[in-house]
Amino acid sequence: MCELKVLLIEDDPMVQEINKAFIEKVKGFKVISCASNGTEGMEQVRKLKPDLVVLDIYMPGLDGVKTLQQIRNEKIQVDVIVITAANDLDTIRSMLQNGAFDYIIKPFNFERIKKALDKYKDFHSAISPSGSVTQKDLDNLFFSEKRDAPNTADLPKGLNELTLKQIEGFLNTQTESKSAEEVAEGVGIARVTARRYLDYLVKNGSIQMDIQYGTIGRPVNRYLLKK
């Protein structure tokens, strides 16, 4: 299989280098160019015709949201994986609705981007030269237990996958454990809502909970993402 051509659109030169190193560390991918904003990125998309665009959101001029919309408006046949610090639900929903293949919240580790790229490689390989696939191919790609993240599969009633990812993204940026109140404030949701998601994540083993005893008042449950 030929290497998949990747265009990286990211305005921070240091982050560009880190992301490029991560991407090229995954077998089967080659970063063919980098752009520092959406306008430059669109020019390179049209010229270089990459297989995949790795796209940031916060950029001067044409930001990531408008860049993806422009790609879709021009009906350019390219896939997009988002890597960004933007963790608000409106932005996440907008990018997914415009066809982002995956959405990764900064900061992230190598294993997270490797998982996204491996899944994308499987998807790309499943597309036959005739442009058709079997139902079995799709089921193996999208519903394989190996590929599905255990913390988003079969969510209990009342829990939303986007909110769950937002909470995980917030915890992933923290070096110390946080209370339900701190998580709620950081994500922008009600404390009682945060507790429901945190209880779920504790039960499925994604986060650990510690009880902190103070000198005054009730003990406080604190949560830390397992890495």
# chains A, B, ... in the order shown; residues from 1 in each chain; ligands from 1
$ residues_around --residues "region 202-210 of chain A" --least-positions-apart "6" --cutoff "6 Å" --atoms "only C-alpha atoms" --output "list in words"
Asn221, Arg222, Tyr223, Leu224, Leu225 and Lys226 of chain A
$ residues_around --residues "Gly158 (chain A)" --least-positions-apart "2" --cutoff "10 Å" --atoms "only C-alpha atoms" --output "list in words"
Leu155, Pro156, Asn160, Glu161, Thr193, Arg196 and Tyr197 of chain A
$ residues_around --residues "Glu10 (chain A)" --least-positions-apart "4" --cutoff "8 Å" --atoms "only C-alpha atoms" --output "ChimeraX atom specification"
/A:15-16,34-37,55-56,59
$ write_last_selection --atoms "N, CA, C and O atoms" --output "PDB file, in the first residue's frame"
ATOM      1  N   VAL A  15       4.089  23.149  17.474  1.00  0.00           N
ATOM      2  CA  VAL A  15       3.059  22.107  17.433  1.00  0.00           C
ATOM      3  C   VAL A  15       3.075  21.410  16.078  1.00  0.00           C
ATOM      4  O   VAL A  15       2.873  20.199  15.979  1.00  0.00           O
ATOM      5  N   GLN A  16       3.330  22.181  15.025  1.00  0.00           N
ATOM      6  CA  GLN A  16       3.471  21.591  13.683  1.00  0.00           C
ATOM      7  C   GLN A  16       4.503  20.475  13.695  1.00  0.00           C
ATOM      8  O   GLN A  16       4.259  19.372  13.188  1.00  0.00           O
ATOM      9  N   CYS A  34       2.944  21.539   5.193  1.00  0.00           N
ATOM     10  CA  CYS A  34       2.315  22.169   6.352  1.00  0.00           C
ATOM     11  C   CYS A  34       1.839  23.562   5.968  1.00  0.00           C
ATOM     12  O   CYS A  34       2.489  24.248   5.170  1.00  0.00           O
ATOM     13  N   ALA A  35       0.714  23.970   6.533  1.00  0.00           N
ATOM     14  CA  ALA A  35       0.185  25.322   6.318  1.00  0.00           C
ATOM     15  C   ALA A  35      -0.089  25.940   7.675  1.00  0.00           C
ATOM     16  O   ALA A  35      -0.434  25.243   8.633  1.00  0.00           O
ATOM     17  N   SER A  36       0.051  27.259   7.762  1.00  0.00           N
ATOM     18  CA  SER A  36      -0.088  27.932   9.047  1.00  0.00           C
ATOM     19  C   SER A  36      -1.437  28.612   9.243  1.00  0.00           C
ATOM     20  O   SER A  36      -1.681  29.207  10.287  1.00  0.00           O
ATOM     21  N   ASN A  37      -2.321  28.527   8.259  1.00  0.00           N
ATOM     22  CA  ASN A  37      -3.674  29.067   8.407  1.00  0.00           C
ATOM     23  C   ASN A  37      -4.580  28.436   7.363  1.00  0.00           C
ATOM     24  O   ASN A  37      -4.116  27.759   6.440  1.00  0.00           O
ATOM     25  N   LEU A  55      -6.236  19.095  10.919  1.00  0.00           N
ATOM     26  CA  LEU A  55      -6.664  20.494  10.963  1.00  0.00           C
ATOM     27  C   LEU A  55      -6.828  21.025  12.378  1.00  0.00           C
ATOM     28  O   LEU A  55      -7.488  20.398  13.218  1.00  0.00           O
ATOM     29  N   ASP A  56      -6.239  22.182  12.644  1.00  0.00           N
ATOM     30  CA  ASP A  56      -6.448  22.905  13.903  1.00  0.00           C
ATOM     31  C   ASP A  56      -7.686  23.789  13.762  1.00  0.00           C
ATOM     32  O   ASP A  56      -8.161  24.042  12.645  1.00  0.00           O
ATOM     33  N   MET A  59      -6.953  29.515  14.434  1.00  0.00           N
ATOM     34  CA  MET A  59      -5.915  30.030  13.543  1.00  0.00           C
ATOM     35  C   MET A  59      -6.299  31.433  13.088  1.00  0.00           C
ATOM     36  O   MET A  59      -7.494  31.739  12.999  1.00  0.00           O
TER      37      MET A  59
END
$ closest_residue --among "A:Asp139, A:Asp63, A:Asp88, A:Asp51" --to "Ile76 (chain A)" --atoms "only C-alpha atoms"
A:Asp51
$ select_by_dssp --residues "region 13-218 of chain A" --states "strand (DSSP E)" --output "PDB file with N, CA and C atoms, in the first residue's frame"
ATOM      1  N   PHE A  29       1.920   6.701   6.667  1.00  0.00           N
ATOM      2  CA  PHE A  29       1.536   8.107   6.535  1.00  0.00           C
ATOM      3  C   PHE A  29       2.755   8.981   6.269  1.00  0.00           C
ATOM      4  N   LYS A  30       2.574   9.988   5.413  1.00  0.00           N
ATOM      5  CA  LYS A  30       3.638  10.921   5.066  1.00  0.00           C
ATOM      6  C   LYS A  30       3.073  12.338   5.023  1.00  0.00           C
ATOM      7  N   VAL A  31       3.641  13.238   5.816  1.00  0.00           N
ATOM      8  CA  VAL A  31       3.229  14.644   5.776  1.00  0.00           C
ATOM      9  C   VAL A  31       3.894  15.292   4.564  1.00  0.00           C
ATOM     10  N   ILE A  32       3.095  15.693   3.597  1.00  0.00           N
ATOM     11  CA  ILE A  32       3.643  16.232   2.358  1.00  0.00           C
ATOM     12  C   ILE A  32       3.814  17.753   2.415  1.00  0.00           C
ATOM     13  N   SER A  33       3.113  18.406   3.358  1.00  0.00           N
ATOM     14  CA  SER A  33       3.262  19.853   3.480  1.00  0.00           C
ATOM     15  C   SER A  33       2.576  20.326   4.758  1.00  0.00           C
ATOM     16  N   CYS A  34       2.944  21.539   5.193  1.00  0.00           N
ATOM     17  CA  CYS A  34       2.315  22.169   6.352  1.00  0.00           C
ATOM     18  C   CYS A  34       1.839  23.562   5.968  1.00  0.00           C
ATOM     19  N   ALA A  35       0.714  23.970   6.533  1.00  0.00           N
ATOM     20  CA  ALA A  35       0.185  25.322   6.318  1.00  0.00           C
ATOM     21  C   ALA A  35      -0.089  25.940   7.675  1.00  0.00           C
ATOM     22  N   LEU A  52      -5.523  13.106   3.362  1.00  0.00           N
ATOM     23  CA  LEU A  52      -5.998  13.469   4.692  1.00  0.00           C
ATOM     24  C   LEU A  52      -5.476  14.843   5.085  1.00  0.00           C
ATOM     25  N   VAL A  53      -6.347  15.645   5.697  1.00  0.00           N
ATOM     26  CA  VAL A  53      -5.954  16.923   6.287  1.00  0.00           C
ATOM     27  C   VAL A  53      -6.054  16.793   7.801  1.00  0.00           C
ATOM     28  N   VAL A  54      -4.984  17.144   8.503  1.00  0.00           N
ATOM     29  CA  VAL A  54      -5.013  17.235   9.960  1.00  0.00           C
ATOM     30  C   VAL A  54      -5.125  18.715  10.295  1.00  0.00           C
ATOM     31  N   LEU A  55      -6.236  19.095  10.919  1.00  0.00           N
ATOM     32  CA  LEU A  55      -6.664  20.494  10.963  1.00  0.00           C
ATOM     33  C   LEU A  55      -6.828  21.025  12.378  1.00  0.00           C
ATOM     34  N   ASP A  79     -10.316  13.742   3.371  1.00  0.00           N
ATOM     35  CA  ASP A  79     -10.796  13.478   4.722  1.00  0.00           C
ATOM     36  C   ASP A  79     -10.076  14.377   5.711  1.00  0.00           C
ATOM     37  N   VAL A  80     -10.696  14.585   6.869  1.00  0.00           N
ATOM     38  CA  VAL A  80     -10.173  15.532   7.849  1.00  0.00           C
ATOM     39  C   VAL A  80     -10.201  14.931   9.249  1.00  0.00           C
ATOM     40  N   ILE A  81      -9.070  15.032   9.934  1.00  0.00           N
ATOM     41  CA  ILE A  81      -8.997  14.740  11.360  1.00  0.00           C
ATOM     42  C   ILE A  81      -8.667  16.047  12.069  1.00  0.00           C
ATOM     43  N   VAL A  82      -9.438  16.389  13.084  1.00  0.00           N
ATOM     44  CA  VAL A  82      -9.254  17.640  13.811  1.00  0.00           C
ATOM     45  C   VAL A  82      -8.373  17.399  15.040  1.00  0.00           C
ATOM     46  N   ILE A  83      -7.354  18.238  15.204  1.00  0.00           N
ATOM     47  CA  ILE A  83      -6.539  18.239  16.422  1.00  0.00           C
ATOM     48  C   ILE A  83      -6.516  19.672  16.931  1.00  0.00           C
ATOM     49  N   THR A  84      -7.127  19.918  18.096  1.00  0.00           N
ATOM     50  CA  THR A  84      -7.348  21.287  18.537  1.00  0.00           C
ATOM     51  C   THR A  84      -7.521  21.381  20.043  1.00  0.00           C
ATOM     52  N   ASP A 102     -12.347  12.269  12.762  1.00  0.00           N
ATOM     53  CA  ASP A 102     -12.080  12.127  14.194  1.00  0.00           C
ATOM     54  C   ASP A 102     -11.807  13.514  14.762  1.00  0.00           C
ATOM     55  N   TYR A 103     -11.928  13.618  16.075  1.00  0.00           N
ATOM     56  CA  TYR A 103     -11.744  14.895  16.762  1.00  0.00           C
ATOM     57  C   TYR A 103     -10.884  14.641  17.992  1.00  0.00           C
ATOM     58  N   ILE A 104      -9.680  15.232  18.020  1.00  0.00           N
ATOM     59  CA  ILE A 104      -8.726  15.010  19.110  1.00  0.00           C
ATOM     60  C   ILE A 104      -8.478  16.332  19.822  1.00  0.00           C
ATOM     61  N   ILE A 105      -8.649  16.329  21.133  1.00  0.00           N
ATOM     62  CA  ILE A 105      -8.501  17.536  21.930  1.00  0.00           C
ATOM     63  C   ILE A 105      -7.091  17.603  22.513  1.00  0.00           C
ATOM     64  N   LYS A 178      -9.361  16.385  40.103  1.00  0.00           N
ATOM     65  CA  LYS A 178     -10.325  17.482  40.203  1.00  0.00           C
ATOM     66  C   LYS A 178     -11.619  16.995  40.838  1.00  0.00           C
ATOM     67  N   SER A 179     -12.290  17.905  41.546  1.00  0.00           N
ATOM     68  CA  SER A 179     -13.597  17.583  42.111  1.00  0.00           C
ATOM     69  C   SER A 179     -14.663  17.688  41.026  1.00  0.00           C
ATOM     70  N   ILE A 207     -11.375   6.527  34.541  1.00  0.00           N
ATOM     71  CA  ILE A 207     -10.789   7.472  35.481  1.00  0.00           C
ATOM     72  C   ILE A 207     -10.733   6.834  36.858  1.00  0.00           C
ATOM     73  N   GLN A 208      -9.892   7.375  37.711  1.00  0.00           N
ATOM     74  CA  GLN A 208      -9.815   6.904  39.085  1.00  0.00           C
ATOM     75  C   GLN A 208     -10.370   7.965  40.015  1.00  0.00           C
ATOM     76  N   MET A 209     -10.984   7.505  41.100  1.00  0.00           N
ATOM     77  CA  MET A 209     -11.567   8.425  42.073  1.00  0.00           C
ATOM     78  C   MET A 209     -10.846   8.251  43.408  1.00  0.00           C
ATOM     79  N   ASP A 210     -10.465   9.361  43.998  1.00  0.00           N
ATOM     80  CA  ASP A 210      -9.858   9.358  45.324  1.00  0.00           C
ATOM     81  C   ASP A 210     -10.713  10.219  46.248  1.00  0.00           C
ATOM     82  N   ILE A 211     -10.758   9.842  47.494  1.00  0.00           N
ATOM     83  CA  ILE A 211     -11.520  10.617  48.482  1.00  0.00           C
ATOM     84  C   ILE A 211     -10.546  11.465  49.280  1.00  0.00           C
ATOM     85  N   GLN A 212     -10.782  12.767  49.282  1.00  0.00           N
ATOM     86  CA  GLN A 212      -9.912  13.695  49.999  1.00  0.00           C
ATOM     87  C   GLN A 212     -10.619  14.145  51.272  1.00  0.00           C
TER      88      GLN A 212
END
$ closest_residue --among "A:Tyr58, A:Phe170, A:Phe22, A:Phe123" --to "Phe110 (chain A)" --atoms "only C-alpha atoms"
A:Phe22
$ atom_distance --atom1 "CA of Gln69 (chain A)" --atom2 "CA of Asn109 (chain A)"
27.4 Å
$ closest_residue --among "A:Val220, A:Leu164, A:Leu201, A:Ala126" --to "Val187 (chain A)" --atoms "only C-alpha atoms"
A:Leu164
